[in-house]
file entry_37.tsv (TSV, C-alpha atoms)
chain	number	residue	atom	x	y	z
A	1	ALA	CA	-8.21	-7.30	-13.39
A	2	GLN	CA	-4.73	-6.08	-12.74
A	3	LYS	CA	-2.20	-8.42	-11.20
A	4	ILE	CA	1.30	-7.91	-9.81
A	5	THR	CA	3.77	-10.79	-9.52
A	6	GLN	CA	6.91	-10.71	-7.40
A	7	THR	CA	8.65	-14.06	-7.73
A	8	GLN	CA	11.50	-13.47	-5.28
A	9	PRO	CA	10.38	-14.12	-1.69
A	10	GLY	CA	13.81	-13.09	-0.41
A	11	MET	CA	16.99	-11.52	-1.69
A	12	PHE	CA	20.42	-11.13	-0.10
A	13	VAL	CA	22.97	-8.50	-1.01
A	14	GLN	CA	26.19	-7.24	0.47
A	15	GLU	CA	26.50	-3.67	1.55
A	16	LYS	CA	27.53	-1.29	-1.25
A	17	GLU	CA	26.48	-3.67	-3.99
A	18	ALA	CA	23.54	-3.21	-6.36
A	19	VAL	CA	20.45	-5.41	-6.27
A	20	THR	CA	17.49	-5.87	-8.62
A	21	LEU	CA	14.03	-6.75	-7.32
A	22	ASP	CA	11.74	-8.24	-9.94
A	23	CYS	CA	8.18	-7.23	-10.69
A	24	THR	CA	5.93	-8.27	-13.54
A	25	TYR	CA	2.41	-7.04	-14.10
A	26	ASP	CA	-0.67	-7.91	-16.05
A	27	THR	CA	-3.15	-5.38	-17.33
A	28	SER	CA	-5.29	-4.70	-20.37
A	29	ASP	CA	-5.25	-0.95	-19.78
A	30	GLN	CA	-3.11	1.36	-21.88
A	31	SER	CA	-2.75	3.92	-19.15
A	32	TYR	CA	-1.44	2.72	-15.81
A	33	GLY	CA	1.07	3.55	-13.13
A	34	LEU	CA	3.58	1.42	-11.28
A	35	PHE	CA	4.89	2.08	-7.80
A	36	TRP	CA	7.47	0.62	-5.46
A	37	TYR	CA	7.05	0.85	-1.71
A	38	LYS	CA	9.40	-0.13	1.11
A	39	GLN	CA	8.02	-1.58	4.35
A	40	PRO	CA	10.47	-1.76	7.24
A	41	SER	CA	9.71	-3.83	10.32
A	42	SER	CA	7.90	-0.85	11.84
A	43	GLY	CA	5.10	-1.48	9.32
A	44	GLU	CA	4.81	1.85	7.53
A	45	MET	CA	4.74	1.75	3.73
A	46	ILE	CA	7.28	4.21	2.34
A	47	PHE	CA	6.92	5.39	-1.26
A	48	LEU	CA	10.10	4.95	-3.30
A	49	ILE	CA	9.46	5.51	-6.98
A	50	TYR	CA	6.73	5.86	-9.62
A	51	GLN	CA	6.63	5.03	-13.35
A	52	GLY	CA	3.80	6.02	-15.65
A	53	SER	CA	3.00	3.79	-18.61
A	54	TYR	CA	3.58	6.64	-21.04
A	55	ASP	CA	6.82	7.82	-19.48
A	56	GLU	CA	9.59	7.41	-22.01
A	57	GLN	CA	12.42	7.55	-19.50
A	58	ASN	CA	12.95	5.09	-16.70
A	59	ALA	CA	12.20	6.69	-13.35
A	60	THR	CA	15.04	7.41	-10.95
A	61	GLU	CA	15.02	8.67	-7.36
A	62	GLY	CA	18.44	8.85	-5.76
A	63	ARG	CA	19.74	5.30	-5.35
A	64	TYR	CA	16.50	3.84	-6.72
A	65	SER	CA	15.79	3.33	-10.39
A	66	LEU	CA	13.00	1.51	-12.14
A	67	ASN	CA	13.88	-0.68	-15.11
A	68	PHE	CA	10.64	-0.39	-17.08
A	69	GLN	CA	10.23	-2.82	-19.99
A	70	LYS	CA	6.74	-2.24	-21.27
A	71	ALA	CA	6.68	-5.00	-23.90
A	72	ARG	CA	7.72	-7.54	-21.28
A	73	LYS	CA	5.40	-6.01	-18.70
A	74	SER	CA	8.14	-5.76	-16.15
A	75	ALA	CA	9.04	-2.99	-13.74
A	76	ASN	CA	12.09	-4.07	-11.78
A	77	LEU	CA	13.49	-1.96	-8.97
A	78	VAL	CA	17.24	-1.44	-8.92
A	79	ILE	CA	18.86	-0.30	-5.69
A	80	SER	CA	22.42	0.86	-6.14
A	81	ALA	CA	25.05	0.94	-3.40
A	82	SER	CA	22.94	-1.00	-0.88
A	83	GLN	CA	22.95	0.16	2.72
A	84	LEU	CA	22.13	-1.76	5.90
A	85	GLY	CA	19.04	0.42	6.29
A	86	ASP	CA	17.69	-0.94	3.00
A	87	SER	CA	16.82	-4.22	4.73
A	88	ALA	CA	13.03	-4.37	4.52
A	89	MET	CA	10.09	-5.74	2.54
A	90	TYR	CA	9.65	-4.22	-0.90
A	91	PHE	CA	6.31	-4.14	-2.66
A	92	CYS	CA	5.54	-3.46	-6.28
A	93	ALA	CA	2.09	-1.99	-6.91
A	94	MET	CA	-0.08	-0.97	-9.83
A	95	ARG	CA	-2.66	1.74	-10.02
A	96	GLU	CA	-6.01	0.17	-10.95
A	97	PRO	CA	-8.75	2.40	-12.37
A	98	SER	CA	-12.33	2.22	-11.12
A	99	ASN	CA	-15.77	3.40	-12.14
A	100	THR	CA	-15.73	6.36	-9.77
A	101	GLY	CA	-12.54	7.77	-11.23
A	102	PHE	CA	-10.30	7.07	-8.30
A	103	GLN	CA	-7.49	4.61	-8.70
A	104	LYS	CA	-6.63	2.10	-6.03
A	105	LEU	CA	-3.35	0.29	-5.65
A	106	VAL	CA	-2.97	-3.43	-6.26
A	107	PHE	CA	0.10	-4.85	-4.54
A	108	GLY	CA	2.30	-7.87	-5.12
A	109	THR	CA	3.31	-10.25	-2.35
A	110	GLY	CA	6.60	-8.52	-1.74
A	111	THR	CA	10.30	-9.36	-1.61
A	112	ARG	CA	12.26	-9.35	1.62
A	113	LEU	CA	15.68	-7.79	1.13
A	114	LEU	CA	18.49	-8.43	3.59
A	115	VAL	CA	21.64	-6.36	3.33
A	116	SER	CA	24.69	-7.82	5.03
A	117	PRO	CA	27.81	-5.93	6.14
B	1	ASP	CA	5.19	15.15	12.61
B	2	THR	CA	2.71	15.89	9.83
B	3	GLY	CA	2.41	12.38	8.41
B	4	VAL	CA	-0.52	9.99	8.53
B	5	SER	CA	-1.19	8.76	12.05
B	6	GLN	CA	-3.15	5.75	13.22
B	7	ASP	CA	-4.42	4.75	16.63
B	8	PRO	CA	-4.02	2.35	18.29
B	9	ARG	CA	-0.85	0.79	16.93
B	10	HIS	CA	-1.71	-2.59	18.38
B	11	LYS	CA	-5.01	-4.11	19.45
B	12	ILE	CA	-5.65	-7.51	20.96
B	13	THR	CA	-9.27	-8.52	21.28
B	14	LYS	CA	-11.32	-11.60	21.90
B	15	ARG	CA	-13.41	-13.13	19.17
B	16	GLY	CA	-16.85	-11.59	19.05
B	17	GLN	CA	-15.83	-8.19	20.40
B	18	ASN	CA	-16.10	-4.95	18.43
B	19	VAL	CA	-13.05	-2.84	17.66
B	20	THR	CA	-12.58	0.63	16.21
B	21	PHE	CA	-9.48	2.11	14.63
B	22	ARG	CA	-8.75	5.72	13.86
B	23	CYS	CA	-6.78	7.32	11.04
B	24	ASP	CA	-5.71	10.95	10.83
B	25	PRO	CA	-4.54	11.77	7.29
B	26	ILE	CA	-2.19	14.54	6.27
B	27	SER	CA	-4.19	17.70	6.82
B	28	GLU	CA	-4.51	18.93	3.24
B	29	HIS	CA	-5.27	15.50	1.81
B	30	ASN	CA	-8.91	14.99	0.88
B	31	ARG	CA	-8.55	11.39	-0.29
B	32	LEU	CA	-8.27	8.59	2.24
B	33	TYR	CA	-7.87	4.84	1.81
B	34	TRP	CA	-8.01	1.82	4.09
B	35	TYR	CA	-6.06	-1.33	3.30
B	36	ARG	CA	-5.70	-4.67	5.07
B	37	GLN	CA	-2.45	-6.62	5.08
B	38	THR	CA	-2.28	-10.23	6.24
B	39	LEU	CA	0.95	-12.05	6.99
B	40	GLY	CA	3.06	-12.67	3.91
B	41	GLN	CA	0.84	-10.63	1.63
B	42	GLY	CA	0.79	-7.16	0.22
B	43	PRO	CA	-1.88	-4.69	1.32
B	44	GLU	CA	-5.37	-5.20	-0.10
B	45	PHE	CA	-7.72	-2.31	-0.72
B	46	LEU	CA	-10.76	-2.04	1.58
B	47	THR	CA	-12.38	1.33	1.04
B	48	TYR	CA	-11.89	4.87	-0.25
B	49	PHE	CA	-13.14	8.29	0.82
B	50	GLN	CA	-13.08	11.55	-1.02
B	51	ASN	CA	-13.74	14.16	1.62
B	52	GLU	CA	-16.59	12.69	3.69
B	53	ALA	CA	-18.03	10.56	0.88
B	54	GLN	CA	-17.27	6.86	0.83
B	55	LEU	CA	-16.97	6.22	-2.90
B	56	GLU	CA	-15.57	2.73	-3.12
B	57	LYS	CA	-15.82	-0.42	-1.05
B	58	SER	CA	-14.09	-3.71	-1.73
B	59	ARG	CA	-16.03	-6.94	-1.48
B	60	LEU	CA	-13.50	-7.75	1.25
B	61	LEU	CA	-15.43	-5.28	3.37
B	62	SER	CA	-18.12	-7.54	4.77
B	63	ASP	CA	-21.19	-6.17	6.55
B	64	ARG	CA	-19.29	-6.51	9.84
B	65	PHE	CA	-17.00	-3.73	8.68
B	66	SER	CA	-17.98	-0.08	8.57
B	67	ALA	CA	-15.92	2.99	7.85
B	68	GLU	CA	-16.70	6.66	8.31
B	69	ARG	CA	-15.13	10.00	7.68
B	70	PRO	CA	-17.74	12.33	9.16
B	71	LYS	CA	-16.11	15.71	8.64
B	72	GLY	CA	-13.79	14.84	5.80
B	73	SER	CA	-10.80	14.78	8.13
B	74	PHE	CA	-10.10	11.74	10.33
B	75	SER	CA	-11.61	8.35	9.55
B	76	THR	CA	-12.68	5.39	11.66
B	77	LEU	CA	-12.86	1.72	10.74
B	78	GLU	CA	-15.05	-0.46	12.93
B	79	ILE	CA	-15.16	-4.24	12.92
B	80	GLN	CA	-18.12	-5.81	14.67
B	81	ARG	CA	-18.17	-9.36	16.05
B	82	THR	CA	-14.50	-9.89	15.27
B	83	GLU	CA	-13.34	-13.24	13.94
B	84	GLN	CA	-9.87	-14.78	14.01
B	85	GLY	CA	-9.62	-14.22	10.27
B	86	ASP	CA	-9.78	-10.47	10.91
B	87	SER	CA	-6.30	-10.61	12.43
B	88	ALA	CA	-4.18	-8.41	10.18
B	89	MET	CA	-2.46	-5.06	9.84
B	90	TYR	CA	-4.92	-2.31	8.95
B	91	LEU	CA	-3.25	0.47	6.99
B	92	CYS	CA	-4.55	3.92	6.25
B	93	ALA	CA	-3.24	6.09	3.42
B	94	SER	CA	-4.01	9.55	2.13
B	95	THR	CA	-3.29	11.56	-0.95
B	96	GLU	CA	-3.98	15.08	-2.08
B	97	ARG	CA	-5.19	14.18	-5.51
B	98	ASP	CA	-5.71	11.27	-7.84
B	99	ALA	CA	-3.57	8.22	-7.10
B	100	ALA	CA	-1.29	9.24	-9.96
B	101	TYR	CA	0.51	10.72	-6.99
B	102	GLU	CA	1.87	8.54	-4.27
B	103	GLN	CA	-0.31	7.53	-1.37
B	104	TYR	CA	1.17	8.34	2.02
B	105	PHE	CA	0.70	5.50	4.48
B	106	GLY	CA	0.36	5.53	8.22
B	107	PRO	CA	2.16	3.08	10.54
B	108	GLY	CA	-0.85	0.75	10.66
B	109	THR	CA	-2.89	-0.88	13.40
B	110	ARG	CA	-2.04	-4.49	14.07
B	111	LEU	CA	-5.13	-6.41	15.16
B	112	THR	CA	-4.90	-9.78	16.85
B	113	VAL	CA	-8.15	-11.66	17.50
B	114	THR	CA	-7.81	-14.45	20.05
call {"tool": "encode", "arguments": {"input": "entry_37.tsv", "output": "structure tokens"}}
result
Amino acid sequence: AQKITQTQPGMFVQEKEAVTLDCTYDTSDQSYGLFWYKQPSSGEMIFLIYQGSYDEQNATEGRYSLNFQKARKSANLVISASQLGDSAMYFCAMREPSNTGFQKLVFGTGTRLLVSP
Amino acid sequence: DTGVSQDPRHKITKRGQNVTFRCDPISEHNRLYWYRQTLGQGPEFLTYFQNEAQLEKSRLLSDRFSAERPKGSFSTLEIQRTEQGDSAMYLCASTERDAAYEQYFGPGTRLTVT
């Protein structure tokens, strides 16, 4: 079964600096997808970025980039130029295949990011 | 607002009572998911619908839990004879196609069982 590990319970960063949130994964599948979601205190999960296992380029979405190292099974999220509004929980997730063809998400335990002025 | 909506946002109930939550997905999305998130954890998959068919259920979904999506649009999640361990955030998500595309989440229903 797939497993996602986020070893940083909390991270602190100053406004305008970059921060890296770690994520490692375990899977025996060759084809898989990795996601990062942001969860502010309001509770809604907000999609940030997606990386497919066969994608040759690291994914980027605005200030978010995913540092994908397939051999090390890591998919770290890099947030550049942090903003106060980036303070939230961040979850790494993996797409897990199933017998019926749909693919559910398996989440890590999350990292709480606090951005200070 | 055309995002995923959930109702109620908060529910406090006494142990042993039944509760029902509702999820309205994005209108053109035919795939709908329910997740449960306990404190300090990431969301855990509960069940999946494609249109009105419930195709997947996690073993987390005990026989006290039932979910429906009668017309392939909104979905309900019912918990019978609630227990304190059911206290959690219940999240609904929808997607237009295979989960190769991002799932859009609703704001969740926070359940507290006293």
call {"tool": "interface_residues", "arguments": {"input": "entry_37.tsv", "of": "chain B", "to": "chain A", "cutoff": "6 Å", "atoms": "only C-alpha atoms", "output": "PDB file with C-alpha atoms, in the frame of the given file"}}
result
ATOM      1  CA  GLN B  41       0.840 -10.630   1.630  1.00  0.00           C
ATOM      2  CA  GLY B  42       0.790  -7.160   0.220  1.00  0.00           C
ATOM      3  CA  ALA B  99      -3.570   8.220  -7.100  1.00  0.00           C
ATOM      4  CA  PHE B 105       0.700   5.500   4.480  1.00  0.00           C
ATOM      5  CA  GLY B 106       0.360   5.530   8.220  1.00  0.00           C
ATOM      6  CA  PRO B 107       2.160   3.080  10.540  1.00  0.00           C
TER       7      PRO B 107
END
call {"tool": "atom_distance", "arguments": {"input": "entry_37.tsv", "atom1": "atom CA of Gln17 of chain B", "atom2": "atom CA of Thr109 of chain B"}}
result
16.4 Å
call {"tool": "residues_around", "arguments": {"input": "entry_37.tsv", "residues": "Glu83 of chain B", "least_positions_apart": "6", "cutoff": "9 Å", "atoms": "all atoms listed in the file", "output": "short mmCIF file (atom, residue, chain, number, x, y, z; two decimals) with C-alpha atoms, keeping the file's coordinate frame"}}
result
data_model
loop_
_atom_site.label_atom_id
_atom_site.label_comp_id
_atom_site.auth_asym_id
_atom_site.auth_seq_id
_atom_site.Cartn_x
_atom_site.Cartn_y
_atom_site.Cartn_z
CA LYS B 14 -11.32 -11.60 21.90
CA ARG B 15 -13.41 -13.13 19.17
CA GLY B 16 -16.85 -11.59 19.05
CA GLN B 17 -15.83 -8.19 20.40
CA VAL B 113 -8.15 -11.66 17.50
CA THR B 114 -7.81 -14.45 20.05
#
call {"tool": "residues_around", "arguments": {"input": "entry_37.tsv", "residues": "Met89 of chain B", "least_positions_apart": "3", "cutoff": "8 Å", "atoms": "only C-alpha atoms", "output": "PyMOL selection string"}}
result
chain B and resi 36-38+108-111
call {"tool": "residues_around", "arguments": {"input": "entry_37.tsv", "residues": "Tyr64 of chain A", "least_positions_apart": "6", "cutoff": "7 Å", "atoms": "all atoms listed in the file", "output": "ChimeraX atom specification"}}
result
/A:77-80
call {"tool": "closest_residue", "arguments": {"input": "entry_37.tsv", "among": "B:Ser66, B:Gln50, B:Gln84, B:Thr112", "to": "Glu96 of chain B", "atoms": "all atoms listed in the file"}}
result
B:Gln50
call {"tool": "decode", "arguments": {"input": "entry_37.tsv", "residues": "segment 76-98 of chain B", "atoms": "N, CA, C and O atoms", "output": "CSV table (one decimal), in the first residue's frame"}}
result
chain,number,residue,atom,x,y,z
B,76,THR,N,-25.3,12.4,0.4
B,76,THR,CA,-25.5,12.5,1.8
B,76,THR,C,-24.7,11.4,2.5
B,76,THR,O,-24.5,10.3,1.9
B,77,LEU,N,-24.2,11.7,3.7
B,77,LEU,CA,-23.4,10.7,4.5
B,77,LEU,C,-24.2,10.7,5.8
B,77,LEU,O,-24.3,11.7,6.5
B,78,GLU,N,-24.6,9.5,6.2
B,78,GLU,CA,-25.3,9.4,7.5
B,78,GLU,C,-24.5,8.5,8.4
B,78,GLU,O,-23.9,7.5,8.0
B,79,ILE,N,-24.5,8.9,9.7
B,79,ILE,CA,-23.8,8.1,10.7
B,79,ILE,C,-24.9,7.8,11.7
B,79,ILE,O,-25.6,8.7,12.3
B,80,GLN,N,-25.1,6.5,12.0
B,80,GLN,CA,-26.1,6.1,12.9
B,80,GLN,C,-25.4,5.8,14.3
B,80,GLN,O,-24.3,5.4,14.3
B,81,ARG,N,-26.2,6.0,15.3
B,81,ARG,CA,-25.7,5.7,16.7
B,81,ARG,C,-24.3,6.2,16.9
B,81,ARG,O,-23.3,5.5,17.1
B,82,THR,N,-24.1,7.5,16.7
B,82,THR,CA,-22.8,8.1,16.8
B,82,THR,C,-22.0,7.8,18.1
B,82,THR,O,-22.6,7.6,19.1
B,83,GLU,N,-20.7,7.7,17.9
B,83,GLU,CA,-19.8,7.4,19.0
B,83,GLU,C,-18.8,8.6,19.1
B,83,GLU,O,-18.6,9.3,18.1
B,84,GLN,N,-18.2,8.7,20.2
B,84,GLN,CA,-17.2,9.8,20.4
B,84,GLN,C,-16.1,9.7,19.4
B,84,GLN,O,-15.6,10.7,18.9
B,85,GLY,N,-15.7,8.6,19.0
B,85,GLY,CA,-14.7,8.4,18.0
B,85,GLY,C,-15.0,8.8,16.6
B,85,GLY,O,-14.2,8.9,15.7
B,86,ASP,N,-16.3,9.1,16.4
B,86,ASP,CA,-16.8,9.7,15.1
B,86,ASP,C,-16.5,11.2,15.0
B,86,ASP,O,-16.6,11.7,13.9
B,87,SER,N,-16.1,11.8,16.1
B,87,SER,CA,-15.8,13.2,16.0
B,87,SER,C,-14.6,13.5,15.1
B,87,SER,O,-13.5,12.9,15.2
B,88,ALA,N,-14.9,14.3,14.1
B,88,ALA,CA,-13.9,14.5,13.0
B,88,ALA,C,-14.4,15.6,12.1
B,88,ALA,O,-15.6,16.0,12.2
B,89,MET,N,-13.6,15.9,11.1
B,89,MET,CA,-14.0,16.8,10.0
B,89,MET,C,-14.4,15.8,8.9
B,89,MET,O,-13.6,14.9,8.5
B,90,TYR,N,-15.5,16.0,8.3
B,90,TYR,CA,-15.9,15.2,7.1
B,90,TYR,C,-15.9,16.0,5.9
B,90,TYR,O,-16.6,17.0,5.8
B,91,LEU,N,-15.0,15.6,5.0
B,91,LEU,CA,-14.7,16.4,3.8
B,91,LEU,C,-15.3,15.7,2.6
B,91,LEU,O,-15.2,14.5,2.4
B,92,CYS,N,-15.9,16.5,1.7
B,92,CYS,CA,-16.4,16.0,0.4
B,92,CYS,C,-15.5,16.6,-0.7
B,92,CYS,O,-15.1,17.8,-0.6
B,93,ALA,N,-15.3,15.8,-1.7
B,93,ALA,CA,-14.5,16.3,-2.9
B,93,ALA,C,-15.2,15.8,-4.2
B,93,ALA,O,-15.8,14.8,-4.2
B,94,SER,N,-15.0,16.6,-5.2
B,94,SER,CA,-15.5,16.1,-6.5
B,94,SER,C,-14.5,16.4,-7.6
B,94,SER,O,-13.6,17.2,-7.5
B,95,THR,N,-14.6,15.6,-8.7
B,95,THR,CA,-13.7,15.8,-9.8
B,95,THR,C,-14.5,15.4,-11.1
B,95,THR,O,-15.4,14.6,-11.0
B,96,GLU,N,-14.1,16.0,-12.2
B,96,GLU,CA,-14.8,15.8,-13.4
B,96,GLU,C,-14.4,14.4,-14.0
B,96,GLU,O,-15.2,13.7,-14.6
B,97,ARG,N,-13.2,14.0,-13.8
B,97,ARG,CA,-12.7,12.8,-14.4
B,97,ARG,C,-11.9,12.1,-13.4
B,97,ARG,O,-11.9,12.3,-12.2
B,98,ASP,N,-11.1,11.2,-13.9
B,98,ASP,CA,-10.1,10.4,-13.1
B,98,ASP,C,-9.3,11.3,-12.2
B,98,ASP,O,-9.1,12.4,-12.5
